[in-house]
Structure formats: structure tokens, C-alpha cells
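Colleague: Contents of model35.pdb (PDB, C-alpha atoms and all ligand atoms) are below:
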ATOM      1  CA  MET B   1     -42.103 -33.994 -52.059
ATOM      2  CA  LEU B   2     -42.901 -31.724 -49.149
ATOM      3  CA  GLY B   3     -39.329 -32.129 -48.029
ATOM      4  CA  GLN B   4     -38.111 -31.003 -51.461
ATOM      5  CA  ILE B   5     -40.322 -27.931 -51.449
ATOM      6  CA  ALA B   6     -39.221 -27.107 -47.932
ATOM      7  CA  ARG B   7     -35.544 -27.549 -48.831
ATOM      8  CA  ARG B   8     -35.878 -25.286 -51.855
ATOM      9  CA  ARG B   9     -37.644 -22.698 -49.737
ATOM     10  CA  LEU B  10     -35.045 -22.997 -47.049
ATOM     11  CA  GLY B  11     -32.513 -21.979 -49.668
ATOM     12  CA  LEU B  12     -34.151 -18.547 -49.559
ATOM     13  CA  LEU B  13     -33.604 -18.180 -45.888
ATOM     14  CA  LEU B  14     -30.995 -16.616 -43.718
ATOM     15  CA  LEU B  15     -31.614 -19.163 -41.006
ATOM     16  CA  LEU B  16     -30.986 -17.827 -37.545
ATOM     17  CA  HIS B  17     -29.562 -14.655 -38.848
ATOM     18  CA  GLY B  18     -28.775 -13.259 -36.950
ATOM     19  CA  GLN B  19     -54.170 -16.310 -14.537
ATOM     20  CA  GLN B  20     -52.492 -19.434 -13.332
ATOM     21  CA  ARG B  21     -50.512 -19.025 -10.064
ATOM     22  CA  LEU B  22     -47.718 -21.165  -8.707
ATOM     23  CA  SER B  23     -48.445 -22.670  -5.332
ATOM     24  CA  ASN B  24     -45.745 -20.557  -3.697
ATOM     25  CA  GLY B  25     -46.521 -17.526  -5.818
ATOM     26  CA  LEU B  26     -48.822 -14.595  -5.400
ATOM     27  CA  ASN B  27     -50.608 -15.303  -2.115
ATOM     28  CA  GLY B  28     -53.250 -12.685  -1.395
ATOM     29  CA  VAL B  29     -51.778 -10.024  -3.626
ATOM     30  CA  SER B  30     -53.525  -8.883  -6.763
ATOM     31  CA  PHE B  31     -51.627  -9.505  -9.948
ATOM     32  CA  ASN B  32     -51.662  -5.903 -11.117
ATOM     33  CA  GLN B  33     -50.293  -4.703  -7.776
ATOM     34  CA  LEU B  34     -47.184  -6.762  -8.336
ATOM     35  CA  LEU B  35     -46.270  -5.487 -11.730
ATOM     36  CA  SER B  36     -44.031  -2.611 -12.551
ATOM     37  CA  LYS B  37     -45.298  -0.260 -15.238
ATOM     38  CA  GLU B  38     -43.001  -1.926 -17.736
ATOM     39  CA  THR B  39     -44.079  -5.455 -16.833
ATOM     40  CA  HIS B  40     -47.723  -4.444 -16.878
ATOM     41  CA  ARG B  41     -47.385  -2.886 -20.316
ATOM     42  CA  HIS B  42     -45.938  -6.136 -21.702
ATOM     43  CA  THR B  43     -48.555  -8.288 -20.003
ATOM     44  CA  GLN B  44     -51.335  -6.256 -21.519
ATOM     45  CA  SER B  45     -49.905  -6.594 -25.001
ATOM     46  CA  SER B  46     -48.337 -10.035 -24.874
ATOM     47  CA  PHE B  47     -50.515 -11.420 -27.632
ATOM     48  CA  ASN B  48     -49.710  -8.834 -30.252
ATOM     49  CA  THR B  49     -46.318  -7.471 -29.299
ATOM     50  CA  SER B  50     -43.826  -7.094 -32.074
ATOM     51  CA  SER B  51     -40.231  -7.675 -31.113
ATOM     52  CA  PRO B  52     -37.333  -5.671 -32.502
ATOM     53  CA  ILE B  53     -34.961  -8.591 -32.942
ATOM     54  CA  SER B  54     -34.010 -11.403 -35.164
ATOM     55  CA  THR B  55     -36.414 -11.971 -38.041
ATOM     56  CA  MET B  56     -35.544 -10.224 -41.260
ATOM     57  CA  SER B  57     -38.472 -10.616 -43.552
ATOM     58  CA  LEU B  58     -38.452 -10.902 -47.308
ATOM     59  CA  TRP B  59     -42.241 -11.176 -47.244
ATOM     60  CA  PRO B  60     -44.341  -8.033 -47.626
ATOM     61  CA  PHE B  61     -47.201  -9.672 -45.723
ATOM     62  CA  SER B  62     -45.074 -11.014 -42.867
ATOM     63  CA  PHE B  63     -45.919 -10.445 -39.235
ATOM     64  CA  GLN B  64     -43.983 -11.115 -36.065
ATOM     65  CA  PRO B  65     -44.839 -14.340 -34.267
ATOM     66  CA  ARG B  66     -45.931 -14.254 -30.630
ATOM     67  CA  ASP B  67     -43.081 -13.725 -28.186
ATOM     68  CA  PHE B  68     -43.585 -16.173 -25.293
ATOM     69  CA  SER B  69     -40.988 -14.572 -23.036
ATOM     70  CA  LEU B  70     -43.059 -11.607 -21.930
ATOM     71  CA  PRO B  71     -44.475 -11.308 -18.408
ATOM     72  CA  ASN B  72     -47.695 -13.180 -17.721
ATOM     73  CA  SER B  73     -49.876 -13.713 -14.668
ATOM     74  CA  SER B  74     -48.068 -16.908 -13.624
ATOM     75  CA  TRP B  75     -44.857 -15.005 -12.985
ATOM     76  CA  SER B  76     -44.039 -14.699  -9.280
ATOM     77  CA  PRO B  77     -42.938 -11.355  -7.800
ATOM     78  CA  GLU B  78     -39.339 -12.633  -7.845
ATOM     79  CA  MET B  79     -39.590 -13.489 -11.560
ATOM     80  CA  CYS B  80     -41.090 -10.059 -12.343
ATOM     81  CA  LYS B  81     -38.382  -8.319 -10.314
ATOM     82  CA  ALA B  82     -35.551 -10.132 -12.115
ATOM     83  CA  TYR B  83     -37.214  -9.461 -15.492
ATOM     84  CA  ASP B  84     -37.580  -5.767 -14.662
ATOM     85  CA  HIS B  85     -33.952  -5.589 -13.569
ATOM     86  CA  TYR B  86     -32.544  -6.938 -16.845
ATOM     87  CA  ASN B  87     -35.164  -5.288 -19.018
ATOM     88  CA  ALA B  88     -34.121  -1.913 -17.613
ATOM     89  CA  LEU B  89     -30.571  -2.594 -18.874
ATOM     90  CA  CYS B  90     -31.726  -3.213 -22.448
ATOM     91  CA  ASP B  91     -31.688  -1.131 -25.562
ATOM     92  CA  THR B  92     -34.792   0.962 -25.716
ATOM     93  CA  ASP B  93     -36.709   1.123 -28.954
ATOM     94  CA  THR B  94     -37.097   4.338 -30.803
ATOM     95  CA  GLU B  95     -39.665   6.650 -29.313
ATOM     96  CA  ASN B  96     -41.035   9.547 -31.364
ATOM     97  CA  GLY B  97     -38.404   8.758 -33.948
ATOM     98  CA  GLU B  98     -35.507   9.146 -31.495
ATOM     99  CA  GLU B  99     -33.343   6.397 -30.048
ATOM    100  CA  LYS B 100     -33.650   6.695 -26.285
ATOM    101  CA  LYS B 101     -30.802   4.530 -25.078
ATOM    102  CA  ARG B 102     -27.957   2.334 -26.399
ATOM    103  CA  ALA B 103     -27.084  -0.540 -24.103
ATOM    104  CA  PRO B 104     -25.182  -3.809 -24.491
ATOM    105  CA  TRP B 105     -28.164  -5.833 -23.250
ATOM    106  CA  LYS B 106     -30.924  -7.101 -25.504
ATOM    107  CA  LYS B 107     -33.937  -9.256 -24.736
ATOM    108  CA  LEU B 108     -34.227 -12.228 -27.109
ATOM    109  CA  PRO B 109     -37.718 -13.048 -28.287
ATOM    110  CA  SER B 110     -38.880 -16.623 -27.716
ATOM    111  CA  TYR B 111     -41.096 -18.341 -30.259
ATOM    112  CA  ASN B 112     -42.812 -21.728 -30.055
ATOM    113  CA  ARG B 113     -40.881 -23.050 -33.044
ATOM    114  CA  SER B 114     -37.205 -22.361 -33.739
ATOM    115  CA  ILE B 115     -37.951 -22.137 -37.463
ATOM    116  CA  LYS B 116     -39.852 -18.924 -36.767
ATOM    117  CA  TYR B 117     -36.500 -17.176 -36.251
ATOM    118  CA  ALA B 118     -35.750 -17.594 -39.928
ATOM    119  CA  THR B 119     -36.719 -15.102 -42.551
ATOM    120  CA  GLY B 120     -40.064 -16.282 -43.829
ATOM    121  CA  GLY B 121     -40.085 -18.842 -41.003
ATOM    122  CA  ILE B 122     -43.643 -18.043 -39.991
ATOM    123  CA  HIS B 123     -44.825 -19.299 -43.360
ATOM    124  CA  LEU B 124     -42.417 -22.237 -43.400
ATOM    125  CA  SER B 125     -43.614 -23.332 -39.976
ATOM    126  CA  LYS B 126     -46.992 -23.969 -41.588
ATOM    127  CA  LEU B 127     -45.375 -26.192 -44.217
ATOM    128  CA  ILE B 128     -42.805 -28.156 -42.270
ATOM    129  CA  GLN B 129     -44.076 -30.523 -39.539
ATOM    130  CA  ALA B 130     -46.998 -28.197 -38.873
ATOM    131  CA  LYS B 131     -47.733 -29.634 -35.445
ATOM    132  CA  ALA B 132     -44.127 -29.499 -34.219
ATOM    133  CA  ARG B 133     -43.471 -27.216 -31.247
ATOM    134  CA  LEU B 134     -40.349 -26.155 -29.395
ATOM    135  CA  PHE B 135     -40.057 -28.464 -26.378
ATOM    136  CA  THR B 136     -39.926 -25.596 -23.869
ATOM    137  CA  ARG B 137     -42.949 -23.817 -25.363
ATOM    138  CA  ASN B 138     -45.387 -26.669 -25.930
ATOM    139  CA  VAL B 139     -47.646 -26.437 -22.862
ATOM    140  CA  LYS B 140     -50.480 -23.927 -23.097
ATOM    141  CA  GLU B 141     -51.065 -23.532 -19.350
ATOM    142  CA  GLN B 142     -48.983 -20.544 -18.267
ATOM    143  CA  GLY B 143     -46.601 -21.245 -15.396
ATOM    144  CA  ALA B 144     -47.034 -25.035 -15.506
ATOM    145  CA  THR B 145     -43.651 -25.828 -17.052
ATOM    146  CA  PHE B 146     -40.952 -23.552 -18.423
ATOM    147  CA  GLU B 147     -41.349 -19.801 -17.909
ATOM    148  CA  TYR B 148     -38.225 -18.021 -19.022
ATOM    149  CA  VAL B 149     -36.742 -15.018 -20.707
ATOM    150  CA  VAL B 150     -33.237 -14.625 -22.126
ATOM    151  CA  PHE B 151     -31.233 -11.389 -22.165
ATOM    152  CA  VAL B 152     -27.966 -11.282 -24.144
ATOM    153  CA  ASN B 153     -25.055  -8.969 -23.534
ATOM    154  CA  LYS B 154     -23.634  -8.267 -26.972
ATOM    155  CA  GLU B 155     -20.361  -6.801 -25.698
ATOM    156  CA  GLU B 156     -19.569  -9.491 -23.150
ATOM    157  CA  LYS B 157     -20.834 -12.311 -25.410
ATOM    158  CA  SER B 158     -22.842 -13.657 -22.527
ATOM    159  CA  CYS B 159     -26.455 -14.032 -21.559
ATOM    160  CA  VAL B 160     -28.695 -14.415 -18.527
ATOM    161  CA  CYS B 161     -31.927 -16.367 -18.502
ATOM    162  CA  VAL B 162     -34.507 -15.763 -15.792
ATOM    163  CA  PHE B 163     -36.255 -19.126 -15.337
ATOM    164  CA  GLN B 164     -39.260 -20.041 -13.202
ATOM    165  CA  ALA B 165     -39.735 -23.809 -12.842
ATOM    166  CA  GLY B 166     -43.396 -24.891 -12.955
ATOM    167  CA  ARG B 167     -45.099 -27.721 -11.051
ATOM    168  CA  LEU B 168     -45.141 -30.131 -14.032
ATOM    169  CA  LEU B 169     -41.336 -30.286 -14.032
ATOM    170  CA  GLU B 170     -41.096 -32.503 -10.951
ATOM    171  CA  GLY B 171     -38.260 -35.012 -10.679
ATOM    172  CA  ALA B 172     -37.317 -35.835  -7.093
ATOM    173  CA  PRO B 173     -40.363 -35.045  -4.889
ATOM    174  CA  GLY B 174     -40.930 -31.287  -4.763
ATOM    175  CA  HIS B 175     -37.869 -30.594  -6.870
ATOM    176  CA  VAL B 176     -37.104 -29.876 -10.499
ATOM    177  CA  HIS B 177     -36.246 -32.833 -12.774
ATOM    178  CA  GLY B 178     -32.589 -32.921 -13.839
ATOM    179  CA  GLY B 179     -33.696 -33.363 -17.450
ATOM    180  CA  ALA B 180     -35.747 -30.172 -17.254
ATOM    181  CA  ILE B 181     -32.711 -28.320 -15.916
ATOM    182  CA  ALA B 182     -30.591 -29.807 -18.726
ATOM    183  CA  THR B 183     -33.254 -28.726 -21.231
ATOM    184  CA  MET B 184     -33.081 -25.161 -19.996
ATOM    185  CA  ILE B 185     -29.279 -25.174 -20.038
ATOM    186  CA  ASP B 186     -29.273 -26.548 -23.597
ATOM    187  CA  THR B 187     -31.801 -23.899 -24.602
ATOM    188  CA  VAL B 188     -29.927 -20.993 -23.039
ATOM    189  CA  THR B 189     -26.411 -22.003 -24.084
ATOM    190  CA  GLY B 190     -27.827 -22.895 -27.531
ATOM    191  CA  SER B 191     -29.512 -19.509 -27.847
ATOM    192  CA  LEU B 192     -26.219 -17.777 -27.062
ATOM    193  CA  ALA B 193     -24.269 -19.997 -29.461
ATOM    194  CA  GLY B 194     -26.891 -19.411 -32.180
ATOM    195  CA  TYR B 195     -26.809 -15.674 -31.530
ATOM    196  CA  LEU B 196     -23.023 -15.625 -31.869
ATOM    197  CA  SER B 197     -22.395 -18.290 -34.528
ATOM    198  CA  GLY B 198     -25.582 -18.760 -36.583
ATOM    199  CA  PRO B 199     -27.114 -22.216 -37.202
ATOM    200  CA  ILE B 200     -25.703 -24.739 -34.684
ATOM    201  CA  MET B 201     -26.521 -28.047 -33.044
ATOM    202  CA  THR B 202     -25.537 -29.283 -29.595
ATOM    203  CA  ALA B 203     -22.637 -31.739 -29.873
ATOM    204  CA  ASN B 204     -21.770 -32.075 -26.192
ATOM    205  CA  LEU B 205     -23.329 -31.032 -22.890
ATOM    206  CA  ASN B 206     -21.700 -31.707 -19.481
ATOM    207  CA  LEU B 207     -23.626 -31.052 -16.279
ATOM    208  CA  ASP B 208     -22.815 -31.028 -12.575
ATOM    209  CA  TYR B 209     -25.879 -30.797 -10.338
ATOM    210  CA  ARG B 210     -24.678 -29.114  -7.115
ATOM    211  CA  ASN B 211     -27.935 -28.477  -5.200
ATOM    212  CA  PRO B 212     -31.561 -29.601  -5.672
ATOM    213  CA  MET B 213     -33.844 -26.922  -7.096
ATOM    214  CA  PRO B 214     -37.311 -26.677  -5.449
ATOM    215  CA  LEU B 215     -40.315 -26.541  -7.791
ATOM    216  CA  GLY B 216     -41.479 -22.951  -8.251
ATOM    217  CA  SER B 217     -37.928 -21.611  -7.899
ATOM    218  CA  VAL B 218     -36.849 -18.605  -9.869
ATOM    219  CA  VAL B 219     -33.216 -18.964 -10.918
ATOM    220  CA  LEU B 220     -30.701 -17.236 -13.150
ATOM    221  CA  ILE B 221     -28.982 -19.235 -15.895
ATOM    222  CA  HIS B 222     -25.753 -17.405 -16.706
ATOM    223  CA  SER B 223     -24.031 -18.413 -19.956
ATOM    224  CA  ALA B 224     -20.880 -17.035 -21.508
ATOM    225  CA  LEU B 225     -18.765 -17.682 -24.573
ATOM    226  CA  ASP B 226     -15.615 -19.571 -23.686
ATOM    227  CA  ARG B 227     -14.112 -19.725 -27.183
ATOM    228  CA  ILE B 228     -14.797 -20.337 -30.857
ATOM    229  CA  GLU B 229     -12.549 -22.743 -32.781
ATOM    230  CA  GLY B 230     -13.527 -23.105 -36.415
ATOM    231  CA  ARG B 231     -17.025 -24.599 -36.456
ATOM    232  CA  LYS B 232     -16.979 -25.208 -32.691
ATOM    233  CA  THR B 233     -18.511 -22.779 -30.189
ATOM    234  CA  PHE B 234     -17.753 -23.546 -26.535
ATOM    235  CA  ILE B 235     -20.087 -22.111 -23.881
ATOM    236  CA  THR B 236     -19.939 -22.194 -20.074
ATOM    237  CA  CYS B 237     -22.976 -22.028 -17.832
ATOM    238  CA  LYS B 238     -23.933 -21.606 -14.157
ATOM    239  CA  VAL B 239     -27.419 -21.817 -12.652
ATOM    240  CA  THR B 240     -27.823 -19.784  -9.453
ATOM    241  CA  SER B 241     -30.463 -18.295  -7.177
ATOM    242  CA  THR B 242     -31.510 -14.778  -8.185
ATOM    243  CA  ASP B 243     -29.246 -13.260  -5.495
ATOM    244  CA  GLU B 244     -26.478 -15.549  -6.819
ATOM    245  CA  SER B 245     -25.751 -16.887  -3.306
ATOM    246  CA  LYS B 246     -26.714 -20.468  -4.192
ATOM    247  CA  LEU B 247     -25.246 -22.562  -7.011
ATOM    248  CA  TYR B 248     -27.633 -25.176  -8.452
ATOM    249  CA  THR B 249     -25.913 -26.480 -11.584
ATOM    250  CA  GLU B 250     -22.768 -25.918 -13.619
ATOM    251  CA  ALA B 251     -22.328 -26.901 -17.247
ATOM    252  CA  THR B 252     -20.162 -26.690 -20.319
ATOM    253  CA  ALA B 253     -21.532 -27.069 -23.829
ATOM    254  CA  LEU B 254     -20.136 -27.503 -27.319
ATOM    255  CA  PHE B 255     -22.122 -26.412 -30.351
ATOM    256  CA  VAL B 256     -21.084 -27.247 -33.898
ATOM    257  CA  SER B 257     -22.059 -24.981 -36.783
ATOM    258  CA  ILE B 258     -24.175 -26.758 -39.366
ATOM    259  CA  SER B 259     -25.445 -26.058 -42.836
ATOM    260  CA  VAL B 260     -29.192 -26.028 -43.364
ATOM    261  CA  GLY B 261     -28.776 -29.261 -45.382
ATOM    262  CA  HIS B 262     -27.620 -31.019 -42.195
ATOM    263  CA  LEU B 263     -31.190 -30.830 -40.887
ATOM    264  CA  PHE B 264     -32.336 -32.724 -43.972
ATOM    265  CA  GLY B 265     -29.799 -35.533 -43.710
ATOM    266  CA  SER B 266     -26.911 -34.287 -45.784
ATOM    267  CA  ARG B 267     -23.558 -33.992 -44.033
ATOM    268  CA  ASN B 268     -21.452 -30.826 -44.259
TER     269      ASN B 268
HETATM  270  C1  LIG C   1     -30.682 -14.171 -33.537
HETATM  271  C2  LIG C   1     -31.261 -14.814 -32.329
HETATM  272  C3  LIG C   1     -30.807 -16.213 -32.181
HETATM  273  C4  LIG C   1     -31.545 -16.880 -31.078
HETATM  274  C5  LIG C   1     -31.672 -18.338 -31.415
HETATM  275  C6  LIG C   1     -32.690 -18.976 -30.589
HETATM  276  C7  LIG C   1     -32.997 -20.349 -31.147
HETATM  277  C8  LIG C   1     -34.096 -21.008 -30.430
HETATM  278  C9  LIG C   1     -33.656 -21.456 -29.102
HETATM  279  C10 LIG C   1     -33.552 -22.911 -29.055
HETATM  280  C11 LIG C   1     -32.117 -23.340 -28.791
HETATM  281  C12 LIG C   1     -32.196 -24.785 -28.607
HETATM  282  C13 LIG C   1     -30.823 -25.413 -28.684
HETATM  283  C14 LIG C   1     -31.022 -26.864 -28.662
HETATM  284  C15 LIG C   1     -30.202 -27.469 -29.749
HETATM  285  C16 LIG C   1     -30.397 -28.938 -29.795
HETATM  286  O1  LIG C   1     -30.992 -29.528 -28.943
HETATM  287  S1  LIG C   1     -29.736 -29.759 -31.126
HETATM  288  C17 LIG C   1     -30.279 -31.437 -30.832
HETATM  289  C18 LIG C   1     -29.254 -32.287 -30.177
HETATM  290  N1  LIG C   1     -28.080 -32.402 -31.006
HETATM  291  C19 LIG C   1     -28.049 -33.243 -32.069
HETATM  292  O2  LIG C   1     -29.006 -33.929 -32.392
HETATM  293  C20 LIG C   1     -26.773 -33.253 -32.836
HETATM  294  C21 LIG C   1     -26.471 -34.656 -33.378
HETATM  295  N2  LIG C   1     -25.092 -34.657 -33.885
HETATM  296  C22 LIG C   1     -24.846 -34.228 -35.130
HETATM  297  O3  LIG C   1     -25.723 -33.877 -35.904
HETATM  298  C23 LIG C   1     -23.403 -34.141 -35.533
HETATM  299  O4  LIG C   1     -22.647 -35.085 -34.801
HETATM  300  C24 LIG C   1     -22.798 -32.725 -35.288
HETATM  301  C25 LIG C   1     -22.826 -32.327 -33.810
HETATM  302  C26 LIG C   1     -23.580 -31.666 -36.110
HETATM  303  C27 LIG C   1     -21.341 -32.715 -35.730
HETATM  304  O5  LIG C   1     -21.269 -33.403 -36.959
HETATM  305  P1  LIG C   1     -20.447 -32.809 -38.191
HETATM  306  O6  LIG C   1     -21.087 -31.547 -38.654
HETATM  307  O7  LIG C   1     -20.272 -33.908 -39.184
HETATM  308  O8  LIG C   1     -19.069 -32.385 -37.553
HETATM  309  P2  LIG C   1     -17.800 -33.296 -37.225
HETATM  310  O9  LIG C   1     -16.886 -33.161 -38.384
HETATM  311  O10 LIG C   1     -18.163 -34.645 -36.733
HETATM  312  O11 LIG C   1     -17.222 -32.476 -35.985
HETATM  313  C28 LIG C   1     -16.830 -31.106 -36.110
HETATM  314  C29 LIG C   1     -15.886 -30.830 -34.959
HETATM  315  O12 LIG C   1     -16.647 -30.964 -33.735
HETATM  316  C30 LIG C   1     -16.030 -31.971 -32.900
HETATM  317  N3  LIG C   1     -17.115 -32.727 -32.256
HETATM  318  C31 LIG C   1     -18.229 -33.231 -32.817
HETATM  319  N4  LIG C   1     -18.981 -33.854 -31.891
HETATM  320  C32 LIG C   1     -18.312 -33.728 -30.735
HETATM  321  C33 LIG C   1     -18.581 -34.165 -29.400
HETATM  322  N5  LIG C   1     -19.705 -34.840 -29.089
HETATM  323  N6  LIG C   1     -17.686 -33.870 -28.447
HETATM  324  C34 LIG C   1     -16.562 -33.165 -28.732
HETATM  325  N7  LIG C   1     -16.270 -32.723 -29.975
HETATM  326  C35 LIG C   1     -17.117 -33.005 -30.953
HETATM  327  C36 LIG C   1     -15.240 -32.855 -33.862
HETATM  328  O13 LIG C   1     -14.199 -33.523 -33.186
HETATM  329  C37 LIG C   1     -14.733 -31.832 -34.850
HETATM  330  O14 LIG C   1     -13.656 -31.138 -34.267
HETATM  331  P3  LIG C   1     -12.413 -30.631 -35.188
HETATM  332  O15 LIG C   1     -11.878 -31.851 -35.864
HETATM  333  O16 LIG C   1     -13.020 -29.642 -36.173
HETATM  334  O17 LIG C   1     -11.482 -29.996 -34.220
END
Represent the structure of the file as C-alpha cells.
Ligand SMILES: CCCCCCCCCCCCCCCC(=O)SCCNC(=O)CCNC(=O)[C@H](O)C(C)(C)COP(=O)(O)OP(=O)(O)OC[C@H]1O[C@@H](n2cnc3c(N)ncnc32)[C@H](O)[C@@H]1OP(=O)(O)O
Modeller:
Amino acid sequence: MLGQIARRRLGLLLLLHGQQRLSNGLNGVSFNQLLSKETHRHTQSSFNTSSPISTMSLWPFSFQPRDFSLPNSSWSPEMCKAYDHYNALCDTDTENGEEKKRAPWKKLPSYNRSIKYATGGIHLSKLIQAKARLFTRNVKEQGATFEYVVFVNKEEKSCVCVFQAGRLLEGAPGHVHGGAIATMIDTVTGSLAGYLSGPIMTANLNLDYRNPMPLGSVVLIHSALDRIEGRKTFITCKVTSTDESKLYTEATALFVSISVGHLFGSRN
């Protein structure tokens, strides 16, 4: 019954339209000292920030869900620096009614349920599997697992994710679990594919782990569109150190476009 209601409601949607510290982190330096003005502004408002992208609401009483990819106190200086670098390349919102800057880069918001990207998704997320959470956003303790932010380049059809790997992601002693790295690659390549092609699911993911990634590392996950063939979106991916001198992982991914019905068991 609930499924039927949800399915009917989904018909209304344009789905996917569009002061914890890490052990190697902020030794002896106050948090506020580390933040740029921009980072500080986001940190102060991270619980009520509204994001300019991606939800198109049909609901007069809608509000934007919390964006989890804004700076918080668990972010190391390296994470803040990389965030500031890409954030400075982004479109600036209107200020005093005037557009300040047009740039190819855009920061994607990151919600704790993918359904929240849909129009009316905030309300649907209360109806459908109410306790479900996006895998990468399901731990409350900041900095313990996945801290990341994705910036897309609309012109180049590529994106960069700045990722800080928390202590609960251990695989080999002191190093990040390969499954956690795969999760991030799936998330980043999937975000790009979804941004470019609409509703998709991962059909194939190939990974080559080239170097172990120490826990607490801040890395860049670079993804780019390879090609689109019909319903298939092919994405390439490289995970590197922030100065790009070290290669951690390489990947290719295939995403297949799906209809909303696919999520409820009907085939395309
Ligand atoms: C606006 C802002 C947006 C931002 C947005 C952010 C969103 C928030 C972020 C979260 C981002 C998380 C991203 C995680 C995403 C998951 O983790 S999804 C979960 C893991 N994946 C799954 O569970 C998928 C399970 N598999 C399936 O459901 C189905 O097999 C599939 C993949 C949908 C394909 O089934 P189908 O629709 O029946 O398609 P089918 O006809 O079999 O195949 C279509 C084509 O793909 C090819 N194909 C299918 N599978 C394969 C394969 N494994 N290998 C090679 N080719 C294949 C077929 O050969 C066929 O090719 P052509 O004949 O057309 O040339």
C-alpha cells in the first residue's frame, strides 16, 4: 500500500533533475584560525544553509535539506585548503540582485538520502523507508568516516571530489579499506553520471588500487565523462594526493539510465 502511494507520488517527480579532530589533524591550532573567511562563513551556517542547486520544488512549503558537504570542525587544514581552492572557482550566487561571477564550476550539495534530490523528495523521504540513509552520510560523528565535497565542471563534463578519510574506514592497519575507496568512487562517478544523464544505476565498476591510502588522508577524486552511448554513461576516475603527485586508485564505471519504475521492480 505504502509502495503504491509512493509510486504514485513518484510520478509527480522529476527525479534527479537535474569539534571532532582527526588524529593527524589540527594539532595545537585553533579551529577558527585555520579557516578562510569563506570556509568560516559556511561552518557557521552549515545547519541552515540553502543550496542553489538541484531541487526544483512544486511544494509551496518546501525547504532545502541540510547540505552535508560544507566545512566542519573535523576538516584538516589540507581539506579546508582544497575546498577553498575549488570553491573559489565556482559560480557565485547573486548578491544585491546582481550576478557576481559566471564560472564552469559548481559545488554539488550532498544530502543524507538520495531521494532528497527529487522535487518534493524531502516529503517523500519521510514516507519511503523513513530510516534509510545514504551510506556515505549515515554516521553522525563528524570526521569519523566519509568527509567529502564534490565540485562539477559543467563545460568539461568532469568533477573533482575532495575526500578526507576518517578513522572508522580502516582496512589494512592504518590504511583506508578498499571498499570505502570503492564506495567513494561509486559515489563520485555516480554523482557525475546522474548530473549528466539523470536517474542512473551503477552497472559496472572496475578498480585498480595502485598505492595504499593512510587513514586521515585528504585526496582528490577526479572523474570525467568518457562517453554516452544510448542509455549507457561511461565515466573514468583517478584518485590522487591533493598535489596530484601520488596516484592511489584508478577506475572506470558504467552507469545505465533507469526509469523510476526500475527502483520498484519493474524493468524498463
Ligand atoms: C543534479 C545533481 C545530481 C547529483 C546526484 C547525486 C546523487 C546522490 C549521490 C549518490 C550517487 C550514488 C551512486 C551509487 C549508485 C549505486 O550504487 S546503484 C546500486 C548498485 N547497482 C545496482 O544495484 C544495479 C543492479 N543492476 C540493475 O538494476 C540492472 O542490471 C541495470 C544496471 C539497471 C541494467 O538493467 P537494464 O535496465 O535492464 O538494462 P540492460 O538492457 O540489461 O542493459 C542496458 C545496456 O547496458 C549494458 N550493461 C548492463 N549491465 C552491464 C554490465 N554489468 N557491464 C557492461 N554492460 C552492461 C547492456 O549490455 C546494454 O547494452 P546495449 O545492449 O544497450 O549496448
Colleague: Neighbouring residues of range 166-181 of chain B were defined as those with any atom within 12 Å, considering only C-alpha atoms; residues of the same chain fewer than 3 positions away were excluded. Please report them as an MDAnalysis selection string.
Modeller: chainID B and resid 20:25 74:76 135:136 139 141:148 163 184:188 205 207:221 237:240 248:251
Colleague: Could you check which of B:Pro65, B:Arg227, B:Asn87, B:Ala82 is closest to Ser125 in chain B, using all atoms listed in the file?
Modeller: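 The closest residue to Ser125 in chain B is B:Pro65.
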Colleague: Find the distance between CA of Asn72 in chain B and atom C4 of ligand LIG 1 (chain C) and write it in Å to one decimal.
Modeller: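 If I compute the distance from CA of Asn72 in chain B to atom C4 of ligand LIG 1 (chain C), I get 21.3 Å.
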Colleague: Would you list the contacts of Ala253 in chain B as an MDAnalysis selection string, taking every protein, DNA or RNA residue within 7 Å and counting all atoms listed in the file, but skipping same-chain residues closer than 6 positions in sequence?
Modeller: chainID B and resid 204:206 234:236
Colleague: Taking all atoms listed in the file into account, name the residue in B:Cys80, B:Ile258, B:Leu247, B:Ile128 that is nearest to ligand LIG 1 (chain C).
Modeller: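 Among B:Cys80, B:Ile258, B:Leu247, B:Ile128, it is B:Ile258 that comes nearest to ligand LIG 1 (chain C).
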Colleague: Rank B:Met79, B:Leu254, B:Val260, B:Ile228 by their smallest atom-to-atom distance to Thr242 in chain B, using all atoms listed in the file, and report the top residue only.
Modeller: B:Met79
Colleague: Can you measure CA of Ser241 in chain B to atom C1 of ligand LIG 1 (chain C) for me? One decimal in Å is fine.
Modeller: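 Between CA of Ser241 in chain B and atom C1 of ligand LIG 1 (chain C) the gap works out to 26.7 Å.
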Colleague: Quick check on the file I pasted: which residues fall under the PyMOL selection byres (((not hetatm)) within 9 of (chain C and resi 1))? Write them as a ChimeraX atom specification.
Modeller: /B:16-18,53-55,108-118,134-136,183-205,229-232,254-259,262-263,265,267-268
Colleague: Just the number, please: distance in Å from CA of Asp91 in chain B to CA of Lys106 in chain B, one decimal.
Modeller: 6.0 Å
Colleague: Given 8 Å on each side, where is the centre and what are the edge lengths in Å to one decimal of the axis-aligned box enclosing the listed atoms of range 226-241 of chain B, as lines of an AutoDock Vina configuration file?
Modeller:
center_x = -21.5
center_y = -21.8
center_z = -21.8
size_x = 33.9
size_y = 22.9
size_z = 45.3
